[in-house]
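Visitor: Before I ask anything, let me first share the structure, which is written out below as structure tokens.
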Number of protein chains: 2
Amino acid sequence: VTVDILEKVITFCQKNSLLDPHDRLVIGVSGGPDSLCLLHILFTLTNKFNFPPPTAAHLNHHLRGPDSQADENFVKEVALHWQLPIVIAGENIADLAEQRGQSVEETARQVRYAFLWRVARQTGANKIAVGHHADDQVETVLMHFLRGAGLAGLRGMLPEVNIANLRLHPADIPSPAATDQEEPVKLIRPLLEVSRADIEAYCRVNNLLPRQDYSNLDTTFFRNRLRHELIPYLETYNPNIRQLLQHTAKVAAADVQVLKQELTRVWPAVIKSESPQQLEFDLENWLKLPLGLKRSTLRRAVELLRYGLRDISFSHIENAIEILEKSKTGAIATLPQGLRLTVSYDTFVIGPASGSVEAEDFQGPQLDQGEGLEVNVPGITPLPNSGWQLTASLLLPENIDPKEIRQAATRWEIYLDAATIRAELFLRSRQPGDRFYPLGMAGHSKKLNEFMIDKKIPAHWRDRIPLLVSNHQILWVCGYQPAEQTRVKSTTRGLLHLRFEQTSAT
Amino acid sequence: VTVDILEKVITFCQKNSLLDPHDRLVIGVSGGPDSLCLLHILFTLTNKFNFPPPTAAHLNHHLRGPDSQADENFVKEVALHWQLPIVIAGENIADLAEQRGQSVEETARQVRYAFLWRVARQTGANKIAVGHHADDQVETVLMHFLRGAGLAGLRGMLPEVNIANLRLHPADIPSPAATDQEEPVKLIRPLLEVSRADIEAYCRVNNLLPRQDYSNLDTTFFRNRLRHELIPYLETYNPNIRQLLQHTAKVAAADVQVLKQELTRVWPAVIKSESPQQLEFDLENWLKLPLGLKRSTLRRAVELLRYGLRDISFSHIENAIEILEKSKTGAIATLPQGLRLTVSYDTFVIGPASGSVEAEDFQGPQLDQGEGLEVNVPGITPLPNSGWQLTASLLLPENIDPKEIRQAATRWEIYLDAATIRAELFLRSRQPGDRFYPLGMAGHSKKLNEFMIDKKIPAHWRDRIPLLVSNHQILWVCGYQPAEQTRVKSTTRGLLHLRFEQTSAT
């Protein structure tokens with residue numbers, strides 16, 4: 001088999017203007033087939049066209065014991081052999097994930113991109129190339145579809161993106177002072193239309209001997225099931241599903257661009273005044289917009305006021321539109337992240353619900369307002385549009401260290417007595433009149449509202465904290481306190497383990 | 001359980017302006033729960049608000065033996081009991097499907113909508129209500145997603161649509177003369193946000209005793225597997241998938257509307273002259289469009305010139321865009337249905353590939369230009385964007401009537417000797433240099449091009465006829481001739497049965 005993906009990559013780069021003779025490149029190299037193929041191709045291309053040689057960058061995740069060190073050594077050797085500059089760093093991802101209360105995969109993603117960004121800064125590079133390929137793209141599109149992410153989600157990954165637009169952990173991001181001075185660093189994906197099979201064939205033909213697949217680090221249950229179970233299953237419905245989803249992504253990307261342009265075009269007509277704190281809209285003009293632009297103007301308002309918040313729930317927006325269409329002066333709609341919409345006579349304002357608490361943002365898992373979400377037991381329940389999921393497992397107490405049961409690793413994890421749960425479990429937000437029996441109050445009940453005040457939970461967070469309920473009883477004020485009836489006793493026969501985790505966001 | 005879906009339906013109808021006091025309604029009633037619930041609700045509403053009483057319309061499909069007559073009698077009794085006018089008709093769908101070489105489900109769909117349209121004409125009605133509900137919507141969105149239908153497909157079914165925009169069989173459509181005179185007849189779906197479970201509960205609470213579910217007539221393998229297997233399976237990934245896909249449909253519908261408006265806005269700037277035969281574009285202005293609008297202007301051109309053709313393949317459009325971006329005078333791109341794009345100095349024209357053959361359209365299954373499509377054996381292979389699928393089964397010769405093997409029911413069906421197929425099967429379009437061994441030519445090979453000329457296949461069809469190939473050999477020029485090596489002999493141990501069918505298009 002002769003695999004000439006080089007031509008394909010060149011055409012793809014030309015079509016999307018990914019490479020320029022003046023580019024200084026950093027290439028993320030794990031040592032797996034995708035990144036090794038990418039390094040080989042870009043090494044070949046920069047040689048051929050006399051571009052400056054790329055810098056290889058490897059982050060040791062310390063997740064696979066001695067194998068991690070072997071990966072690092074392998075990448076070093078390859079760079080030495082090809083006479084390429086290389087930057088190596090290491091991070092104990094497992095520890096950091098525990099510290100941040102995030103999944104290992106999400107932590108690895110954040111730290112890895114931030115590392116590549118720093119390397120780009122240090123080496124004066126303006127582009128970072130990563131090895132995402134066509135099968136990664138298919139998985140991403142499908143994952144977004146299953147999360148109901150709409151057109152923007154169906155785009156999947158773009159061939160080029162500004163790295164500053166990725167959602168990274170604030171602690172990891174290179175200092176903003178530097179950001180302001182330098183030209184924006186782009187993340188590029190030259191292999192985005194090359195299949196995993198072609199990459200593997202390329203490695204064989206070119207005698208590259210890659211280490212374990214980079215993407216296998218992404219061991220999230222969701223994505224792995226998707227790759228190994230769902231996609232092959234969907235192929236029995238449509239054997240060409242991979243190709244079709246790639247087409248879907250391309251069409252969606254271009255349509256999103258048209259919608260964005262249209263949003264930009266109508267924006268001046270609907271906006272009356274803008275400040276970093278709040279936006280004032282012209283109600284009459286806004287009401288004339290077609291529904292699609294009503295939605296996107298409100299979404300943009302939230303994005304402008306709460307930088308980095310991309311997932312805004314369908315219900316928040318629908319609720320706001322309903323209130324605006326009634327145009328009752330003084331009416332209020334709750335928006336995410338402590339924002340509020342207030343209707344006036346011929347304008348409406350989107351701004352903080354309360355001036356004082358604005359600074360602190362709620363960082364936990366959030367629910368679509370008001371809607372009950374059934375929990376899969378055992379299984380995974382993604383929280384729509386929140387970037388979080390809830391994993392529920394049933395365990396025997398003898399298999400768990402009792403210390404762990406009393407003190408879970410993060411506030412988003414808990415062990416409950418499974419026997420006390422006799423009906424379906426749901427997550428919902430608080431409702432008027434909610435009461436519950438906090439653990440350790442000798443079976444006395446308390447108004448949920450009072451409990452939240454005692455716990456000093458800011459007012460604008462209170463609607464957003466998920467409550468675990470079953471049979472109309474609150475079992476866990478998630479992140480704060482379980483209910484008395486869920487207490488694990490010496491007689492407990494089965495444990496329900498619940499853990500909220502951030503899912504990776506590409 | 002008290003199920004008050006009535007309020008929900010009223011709100012939905014108001015929000016989407018589905019009902020008006022002056023409306024004269026026809027309601028499609030199979031006797032199943034969906035349509036019976038719909039009839040009861042609309043009967044209640046028209047009574048309550050003093051609208052003219054609706055007409056029930058029932059088409060006996062004669063597909064279920066004596067049960068079909070029982071359905072008909074049941075619907076008659078209900079209408080009599082509620083004192084509603086009713087129109088009944090019958091059609092032997094199975095016979096008609098065979099005659100048309102279509103699937104039973106697609107034929108039933110075409111005939112049913114055409115029947116409702118005729119009833120609307122006869123009774124002077126301006127709206128036809130049908131019982132599609134939220135679960136139907138979820139299935140439709142998912143089906144379109146799996147076929148790669150893009151944003152327009154993700155809309156699923158709309159609350160209201162002009163019945164003239166449905167794809168029906170030309171033989172069924174009420175005469176166009178009448179169409180011109182009368183106001184357009186709308187198809188409305190008042191139950192589109194009500195779940196199947198709620199409909200069933202409504203029937204129980206209101207003592208309605210429906211017959212078999214209407215939608216069970218839709219026994220296509222694809223949709224049934226989707227309903228009973230895929231959706232429950234996807235719920236293990238996301239238990240809220242049904243709700244999310246309904247949200248996806250709503251968001252997509254509004255976004256499609258914005259994109260259409262934008263297309264309408266830019267159209268005058270890119271079009272130089274329009275006629276029913278061809279469209280002339282301003283090349284320079286067209287090149288300035290963002291990619292999304294480049295795609296949609298070309299799609300609209302094909303739709304305008306070939307009325308009713310909605311599924312235009314991704315590859316046709318991409319190929320045309322590539323040629324236009326090179327802007328080489330005289331360059332030509334092939335478009336579907338005998339259309340051709342020709343580049344001039346500062347314009348380009350989309351029109352018939354050849355003036356004389358334009359009249360006859362290729363009605364068979366079509367392939368996305370140039371792309372090999374792997375065939376599922378055994379299984380179903382949807383032909384992307386064509387509205388057709390290929391079903392492949394493996395059978396024992398002793399179970400088939402030898403007469404049937406020699407003379408299949410339609411030209412789109414065939415029995416081959418399975419033993420001669422030793423590698424994967426693909427469908428592809430012809431390529432330069434193709435030869436094959438037509439059955440009955442004593443093992444002599446022939447140039448495919450000459451074979452097509454002998455068969456008097458119009459030039460603009462030739463690229464679109466699917467070829468069944470395996471191991472680089474043409475086994476079937478689909479619809480025309482199998483190859484000698486596939487001949488079923490007395491020694492044949494296994495049969496491969498292939499059948500192209502039109503899939504239902506909602």
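Labels for the structure tokens follow display order: chains A, B, ..., residues from 1 in each chain, ligands from 1.
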Just want the 9 Å neighbourhood of stretch 138-146 of chain B, counted on only C-alpha atoms, with same-chain residues fewer than 6 positions away dropped. Output as JSON, numbers by chain.
Guide: {"A": [145, 234, 237, 238, 241, 244, 245, 248], "B": [152, 153, 154, 155, 156, 157, 222, 223, 226, 227, 231, 241, 242, 243, 244, 245, 246, 248, 249, 506]}
Visitor: Using only C-alpha atoms, determine which residues lie at most 8 Å from A:Leu416, disregarding the query and same-chain residues fewer than 4 positions distant; provide the list as a PyMOL selection string.
Guide: chain A and resi 486-488+495-497
Visitor: Could you save those same residues with C-alpha atoms as a short mmCIF file (atom, residue, chain, number, x, y, z; two decimals), in the first residue's frame?
Guide:
data_model
loop_
_atom_site.label_atom_id
_atom_site.label_comp_id
_atom_site.auth_asym_id
_atom_site.auth_seq_id
_atom_site.Cartn_x
_atom_site.Cartn_y
_atom_site.Cartn_z
CA THR A 486 -28.67 8.81 52.78
CA ARG A 487 -26.19 8.36 55.67
CA VAL A 488 -23.93 5.32 55.27
CA LEU A 495 -23.37 2.19 48.14
CA LEU A 496 -24.35 4.64 45.46
CA HIS A 497 -21.26 6.55 44.38
#
Visitor: Could you superimpose chain A onto chain B using all C-alpha atoms, paired one by one in order, and tell me the resulting RMSD in Å?
Guide: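 Across all paired C-alpha atoms, the RMSD is 0.1 Å.
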Visitor: Residues of chain B within 6 Å of chain A, counting only C-alpha atoms - could you list those as a PyMOL selection string?
Guide: chain B and resi 148+150+238+244+248+254-255+291-292+381
Visitor: Generate the output file for the selected residues, N, CA, C and O atoms, as a PDB file, in the first residue's frame.
Guide:
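The file below, selection_0.pdb, is the result:
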ATOM      1  N   GLY B 148     -26.688  12.539   6.931  1.00  0.00           N
ATOM      2  CA  GLY B 148     -25.832  13.691   6.644  1.00  0.00           C
ATOM      3  C   GLY B 148     -26.566  14.834   5.990  1.00  0.00           C
ATOM      4  O   GLY B 148     -26.038  15.513   5.131  1.00  0.00           O
ATOM      5  N   GLY B 150     -27.421  17.739   6.973  1.00  0.00           N
ATOM      6  CA  GLY B 150     -27.080  19.125   7.307  1.00  0.00           C
ATOM      7  C   GLY B 150     -28.172  19.814   8.114  1.00  0.00           C
ATOM      8  O   GLY B 150     -29.101  19.186   8.600  1.00  0.00           O
ATOM      9  N   ASN B 238     -27.104   9.527  26.725  1.00  0.00           N
ATOM     10  CA  ASN B 238     -27.700  10.749  27.237  1.00  0.00           C
ATOM     11  C   ASN B 238     -29.187  10.509  27.439  1.00  0.00           C
ATOM     12  O   ASN B 238     -29.945  10.472  26.473  1.00  0.00           O
ATOM     13  N   LEU B 244     -33.401  16.857  23.932  1.00  0.00           N
ATOM     14  CA  LEU B 244     -32.335  17.622  23.278  1.00  0.00           C
ATOM     15  C   LEU B 244     -32.530  17.687  21.769  1.00  0.00           C
ATOM     16  O   LEU B 244     -32.301  18.719  21.159  1.00  0.00           O
ATOM     17  N   THR B 248     -32.765  20.790  19.337  1.00  0.00           N
ATOM     18  CA  THR B 248     -31.937  20.902  18.132  1.00  0.00           C
ATOM     19  C   THR B 248     -32.803  21.259  16.925  1.00  0.00           C
ATOM     20  O   THR B 248     -32.454  22.140  16.133  1.00  0.00           O
ATOM     21  N   ALA B 254     -35.033  27.753  13.024  1.00  0.00           N
ATOM     22  CA  ALA B 254     -34.890  29.210  13.022  1.00  0.00           C
ATOM     23  C   ALA B 254     -33.612  29.639  12.313  1.00  0.00           C
ATOM     24  O   ALA B 254     -33.592  30.650  11.605  1.00  0.00           O
ATOM     25  N   ASP B 255     -32.540  28.850  12.485  1.00  0.00           N
ATOM     26  CA  ASP B 255     -31.280  29.189  11.814  1.00  0.00           C
ATOM     27  C   ASP B 255     -31.419  29.039  10.301  1.00  0.00           C
ATOM     28  O   ASP B 255     -30.886  29.856   9.540  1.00  0.00           O
ATOM     29  N   LEU B 291     -18.328  31.160   2.082  1.00  0.00           N
ATOM     30  CA  LEU B 291     -18.520  29.794   1.592  1.00  0.00           C
ATOM     31  C   LEU B 291     -19.957  29.281   1.767  1.00  0.00           C
ATOM     32  O   LEU B 291     -20.528  28.656   0.871  1.00  0.00           O
ATOM     33  N   GLY B 292     -20.557  29.581   2.924  1.00  0.00           N
ATOM     34  CA  GLY B 292     -21.918  29.094   3.179  1.00  0.00           C
ATOM     35  C   GLY B 292     -22.894  29.583   2.125  1.00  0.00           C
ATOM     36  O   GLY B 292     -23.782  28.847   1.684  1.00  0.00           O
ATOM     37  N   THR B 381     -27.897  -0.117   2.918  1.00  0.00           N
ATOM     38  CA  THR B 381     -26.940   0.939   2.617  1.00  0.00           C
ATOM     39  C   THR B 381     -27.699   2.136   2.052  1.00  0.00           C
ATOM     40  O   THR B 381     -28.186   2.080   0.930  1.00  0.00           O
TER      41      THR B 381
END
Visitor: Excluding B:Asn73 and its own-chain neighbours fewer than 6 positions away, which residues fall within 12 Å of it when counting only C-alpha atoms? Please give them as a list in words.
Guide: Val29, Ser30, Gly31, His58, Leu59, Asn60, Pro66, Asp67, Ala79, Leu80, Ile86, Ile88, Ala89 and Arg211 of chain B
Visitor: For the residues selected in the previous step, produce a file with N, CA, C and O atoms as a PDB file, in the first residue's frame.
Guide:
ATOM      1  N   VAL B  29     -57.079  10.572   9.649  1.00  0.00           N
ATOM      2  CA  VAL B  29     -57.362   9.691  10.783  1.00  0.00           C
ATOM      3  C   VAL B  29     -57.178   8.236  10.358  1.00  0.00           C
ATOM      4  O   VAL B  29     -57.924   7.726   9.520  1.00  0.00           O
ATOM      5  N   SER B  30     -56.185   7.585  10.933  1.00  0.00           N
ATOM      6  CA  SER B  30     -55.965   6.170  10.632  1.00  0.00           C
ATOM      7  C   SER B  30     -56.781   5.308  11.581  1.00  0.00           C
ATOM      8  O   SER B  30     -57.121   4.187  11.271  1.00  0.00           O
ATOM      9  N   GLY B  31     -57.060   5.876  12.768  1.00  0.00           N
ATOM     10  CA  GLY B  31     -57.696   5.091  13.823  1.00  0.00           C
ATOM     11  C   GLY B  31     -56.711   4.738  14.929  1.00  0.00           C
ATOM     12  O   GLY B  31     -57.093   4.232  15.975  1.00  0.00           O
ATOM     13  N   HIS B  58     -60.097   9.238   5.970  1.00  0.00           N
ATOM     14  CA  HIS B  58     -59.420   7.959   6.218  1.00  0.00           C
ATOM     15  C   HIS B  58     -59.107   7.275   4.905  1.00  0.00           C
ATOM     16  O   HIS B  58     -59.981   7.091   4.063  1.00  0.00           O
ATOM     17  N   LEU B  59     -57.859   6.886   4.744  1.00  0.00           N
ATOM     18  CA  LEU B  59     -57.483   6.118   3.560  1.00  0.00           C
ATOM     19  C   LEU B  59     -57.230   4.675   3.976  1.00  0.00           C
ATOM     20  O   LEU B  59     -56.376   4.403   4.827  1.00  0.00           O
ATOM     21  N   ASN B  60     -58.007   3.771   3.382  1.00  0.00           N
ATOM     22  CA  ASN B  60     -57.798   2.345   3.641  1.00  0.00           C
ATOM     23  C   ASN B  60     -56.647   1.864   2.756  1.00  0.00           C
ATOM     24  O   ASN B  60     -56.753   1.858   1.543  1.00  0.00           O
ATOM     25  N   PRO B  66     -58.205  -8.228   6.827  1.00  0.00           N
ATOM     26  CA  PRO B  66     -59.481  -7.825   7.449  1.00  0.00           C
ATOM     27  C   PRO B  66     -59.302  -6.680   8.444  1.00  0.00           C
ATOM     28  O   PRO B  66     -60.229  -5.895   8.660  1.00  0.00           O
ATOM     29  N   ASP B  67     -58.113  -6.560   9.043  1.00  0.00           N
ATOM     30  CA  ASP B  67     -57.872  -5.470   9.998  1.00  0.00           C
ATOM     31  C   ASP B  67     -58.020  -4.103   9.341  1.00  0.00           C
ATOM     32  O   ASP B  67     -58.436  -3.136   9.992  1.00  0.00           O
ATOM     33  N   ALA B  79     -66.572   8.947  13.752  1.00  0.00           N
ATOM     34  CA  ALA B  79     -67.057  10.169  13.106  1.00  0.00           C
ATOM     35  C   ALA B  79     -68.578  10.281  13.263  1.00  0.00           C
ATOM     36  O   ALA B  79     -69.112  11.356  13.550  1.00  0.00           O
ATOM     37  N   LEU B  80     -69.262   9.168  13.120  1.00  0.00           N
ATOM     38  CA  LEU B  80     -70.718   9.136  13.270  1.00  0.00           C
ATOM     39  C   LEU B  80     -71.103   9.546  14.692  1.00  0.00           C
ATOM     40  O   LEU B  80     -71.972  10.390  14.917  1.00  0.00           O
ATOM     41  N   ILE B  86     -67.148  12.810   7.211  1.00  0.00           N
ATOM     42  CA  ILE B  86     -66.007  11.927   6.974  1.00  0.00           C
ATOM     43  C   ILE B  86     -65.908  11.557   5.498  1.00  0.00           C
ATOM     44  O   ILE B  86     -66.926  11.418   4.817  1.00  0.00           O
ATOM     45  N   ILE B  88     -63.976   8.674   3.055  1.00  0.00           N
ATOM     46  CA  ILE B  88     -63.225   7.412   3.076  1.00  0.00           C
ATOM     47  C   ILE B  88     -62.791   7.086   1.644  1.00  0.00           C
ATOM     48  O   ILE B  88     -63.544   7.324   0.705  1.00  0.00           O
ATOM     49  N   ALA B  89     -61.598   6.578   1.500  1.00  0.00           N
ATOM     50  CA  ALA B  89     -61.199   6.061   0.191  1.00  0.00           C
ATOM     51  C   ALA B  89     -60.304   4.852   0.424  1.00  0.00           C
ATOM     52  O   ALA B  89     -59.866   4.597   1.553  1.00  0.00           O
ATOM     53  N   ARG B 211     -57.224   2.021  17.438  1.00  0.00           N
ATOM     54  CA  ARG B 211     -56.781   0.794  16.778  1.00  0.00           C
ATOM     55  C   ARG B 211     -55.244   0.824  16.683  1.00  0.00           C
ATOM     56  O   ARG B 211     -54.607   1.644  17.335  1.00  0.00           O
TER      57      ARG B 211
END
Visitor: To one decimal in Å, tell me the separation between atom CA of B:Ala70 and atom CA of B:Arg100.
Guide: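 Going from atom CA of B:Ala70 over to atom CA of B:Arg100 covers 27.2 Å.
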Visitor: Apply DSSP to the structure's backbone, then extract all residues of stretch 161-211 of chain A labelled alpha helix (DSSP H) and return them as a list in words.
Guide: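 These are the residues in question: Pro176, Ala177, Ala178, Thr179, Asp180, Gln181, Arg196, Ala197, Asp198, Ile199, Glu200, Ala201, Tyr202, Cys203, Arg204 and Val205 of chain A.
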Visitor: May I have the residues within 7 Å of B:Ile271 as a VMD selection string, using only C-alpha atoms and disregarding those fewer than 5 positions away in the same chain?
Guide: chain B and resid 280 to 282
Visitor: How would the residues just chosen look if you wrote them out with C-alpha atoms as a PDB file, in the first residue's frame?
Guide:
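Final output, out.pdb:
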ATOM      1  CA  GLU B 280     -26.543  33.419 -15.351  1.00  0.00           C
ATOM      2  CA  PHE B 281     -24.402  34.537 -12.395  1.00  0.00           C
ATOM      3  CA  ASP B 282     -22.024  37.439 -11.885  1.00  0.00           C
TER       4      ASP B 282
END
Visitor: Given the choices A:Gly101, A:Val469, A:Met441, A:Arg121, which gets closest to A:Arg411 if the distance is worked out from only C-alpha atoms?
Guide: A:Gly101
Visitor: Any idea what's packed within 9 Å of A:Leu335, counting only C-alpha atoms, ignoring anything in its chain fewer than 5 positions away? Could you give it as a ChimeraX atom specification?
Guide: /A:302,312,316-317,320,340-341,350,353
Visitor: Between B:Cys203, B:Leu324, B:Leu63, B:Leu18, which one has atoms that come closest to B:Ala108, using only C-alpha atoms?
Guide: B:Leu63
Visitor: Hey, what's within 10 Å of A:Leu439 if we count only C-alpha atoms and toss same-chain stuff fewer than 2 positions away? As a VMD selection string, please?
Guide: chain A and resid 436 to 437 441 to 445 475 to 476 481 to 487
Visitor: Since we have the selection now, will you write its residues out, keeping C-alpha atoms, as a tab-separated table (two decimals), in the first residue's frame?
Guide:
chain	number	residue	atom	x	y	z
A	436	PHE	CA	-34.66	18.92	53.35
A	437	TYR	CA	-33.12	16.95	56.21
A	441	MET	CA	-29.13	17.54	62.22
A	442	ALA	CA	-30.67	14.63	64.09
A	443	GLY	CA	-33.43	14.22	61.52
A	444	HIS	CA	-34.72	17.80	61.72
A	445	SER	CA	-35.78	19.34	58.45
A	475	LEU	CA	-31.07	13.65	48.88
A	476	TRP	CA	-28.10	15.87	48.17
A	481	GLN	CA	-24.64	18.60	52.00
A	482	PRO	CA	-26.27	15.19	51.70
A	483	ALA	CA	-29.56	14.39	53.46
A	484	GLU	CA	-29.78	12.45	56.73
A	485	GLN	CA	-31.61	9.53	55.10
A	486	THR	CA	-28.67	8.81	52.78
A	487	ARG	CA	-26.19	8.36	55.67
Visitor: Can you tell me which residues surround B:Gly338 at a distance of at most 6 Å, considering only C-alpha atoms, apart from same-chain residues fewer than 2 positions away, and format the answer as a ChimeraX atom specification?
Guide: /B:336,352-353,460
Visitor: Would you save the residues from that selection as a CSV table (one decimal), in the first residue's frame, using all heavy atoms?
Guide:
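The resulting file, out_34.csv, is shown below:
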chain,number,residue,atom,x,y,z
B,336,PRO,N,-26.5,17.8,-10.7
B,336,PRO,CA,-27.5,16.7,-10.8
B,336,PRO,C,-28.5,17.0,-11.9
B,336,PRO,O,-28.7,18.1,-12.4
B,336,PRO,CB,-28.1,16.8,-9.4
B,336,PRO,CG,-27.4,17.7,-8.6
B,336,PRO,CD,-26.6,18.6,-9.4
B,352,PRO,N,-29.1,23.3,-18.8
B,352,PRO,CA,-29.1,21.9,-19.2
B,352,PRO,C,-27.7,21.5,-19.8
B,352,PRO,O,-27.2,22.3,-20.6
B,352,PRO,CB,-30.2,21.8,-20.2
B,352,PRO,CG,-30.6,23.2,-20.5
B,352,PRO,CD,-30.2,24.1,-19.4
B,353,ALA,N,-27.3,20.3,-19.6
B,353,ALA,CA,-26.0,19.9,-20.1
B,353,ALA,C,-26.1,19.8,-21.7
B,353,ALA,O,-25.2,20.0,-22.4
B,353,ALA,CB,-25.6,18.5,-19.6
B,460,HIS,N,-26.3,12.3,-20.3
B,460,HIS,CA,-26.2,13.0,-19.0
B,460,HIS,C,-26.7,12.1,-17.9
B,460,HIS,O,-26.7,12.4,-16.7
B,460,HIS,CB,-27.0,14.3,-19.0
B,460,HIS,CG,-28.5,14.1,-19.1
B,460,HIS,ND1,-29.1,13.8,-20.2
B,460,HIS,CD2,-29.4,14.2,-18.1
B,460,HIS,CE1,-30.4,13.7,-20.0
B,460,HIS,NE2,-30.6,14.0,-18.7
Visitor: Given the choices A:Leu39, A:Leu6, A:Leu394, A:Ala114, which gets closest to A:Val75 if the distance is worked out from only C-alpha atoms?
Guide: A:Leu39
Visitor: Enumerate, as a ChimeraX atom specification, the complete set of residues in stretch 80-325 of chain A that a backbone-based DSSP assignment places in strand (DSSP E).
Guide: /A:86-90,127-129,160-162,186-188,271-274,279-282
